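J.: A single structure is presented below for examination.
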Amino acid sequence: MEQTNLKQATFAGGCFWCMVKPFDSLPGIEKVVSGYTGGHVKNPTYEEVTTDTTGHTEAVQITYDPDVFKYEDLVEVYWRQTDPTDASGQFADKGDSYRPVIFYHDEEQQRIAEASKQALQDSGKFQQPIVTSIEPAQPFYEAEEYHQDFYKKNSAHYNRYSRGSGRVGFIQQNWGNE
């Protein structure tokens, strides 16, 4: 069996339920895990994170094969799932635990993320500045099992939530079929 050089990518873009599906079926993606990162409390619970006192952000950690799907392409998928002009949260979810962040795992990821952010800013696609933060990866804590693959386990609730939060409409309005 051939060994692959798997890497990790970590993205925060509001509710982690909505950040799994866009990455989950892409080629070269081994797994997408919902969790918490960037805070000062070890092994936080969902209830603790939602108080905005742990410093954690809801995020997804993606294990991928860079020979099949490049980090640059993951970042492009990320931009199309978020409102990169809203630092106070994403869509209906506000607060530090929902802020948009690209967490980089090495210097190459940092360089790619910063160049991509600058390219999006320079594109003029959005009137407001691109405020998504780019930060070093920190310990990642897997969320409770009921949050994992939520879009599969509770598809009706997931679909209502992603539409009702404003995410689906924003993506359609700003990205269409891109």
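Going by the structure tokens order, chains are called A, B, ..., each with residues numbered from 1, while ligands are numbered from 1 in the order shown.
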At a cut-off of 8 Å, can you tabulate as CSV every residue of segment 6-90 of chain A near segment 136-160 of chain A together with its closest atom pair and the distance in Å to one decimal, using only C-alpha atoms and ordering rows by chain then number?
T.:
```
residue,atom,partner,partner_atom,distance
A:Thr10,CA,A:Ala137,CA,7.3
A:Trp17,CA,A:Phe150,CA,5.8
A:Cys18,CA,A:Tyr151,CA,7.6
A:Val20,CA,A:Asp149,CA,6.9
A:Lys21,CA,A:Tyr151,CA,6.7
A:Val33,CA,A:Gln148,CA,6.5
A:Ser34,CA,A:Ala143,CA,5.6
A:Gly35,CA,A:Ala143,CA,4.2
A:Tyr36,CA,A:Tyr141,CA,5.2
A:Thr37,CA,A:Phe140,CA,4.8
A:Gly38,CA,A:Gln138,CA,5.6
A:Lys42,CA,A:Tyr141,CA,8.0
A:Asn43,CA,A:Tyr141,CA,5.9
A:Pro44,CA,A:Tyr141,CA,7.3
A:Thr45,CA,A:Ala143,CA,7.2
A:Tyr46,CA,A:Ala143,CA,7.0
A:Gln61,CA,A:Phe140,CA,7.8
```
J.: Rank A:Ile130, A:Val41, A:Leu6, A:Ala92 by their smallest atom-to-atom distance to Val168 of chain A, using only C-alpha atoms, and report the top residue only.
T.: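 Nearest candidate to Val168 of chain A out of A:Ile130, A:Val41, A:Leu6, A:Ala92: A:Ala92.
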J.: Please, which residues of chain A, numbered as in this document, come out strand (DSSP E or B) from DSSP, as a ChimeraX atom specification?
T.: /A:7-12,29-37,57-64,89-90,93-94,101-104,133-136,140-142
J.: Out of A:Gln110, A:Asn177, A:Ser25, A:Thr132, which residue has the shortest atom-to-atom distance to Thr82 of chain A when counting only C-alpha atoms?
T.: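 Closest residue, counting only C-alpha atoms: A:Thr132.
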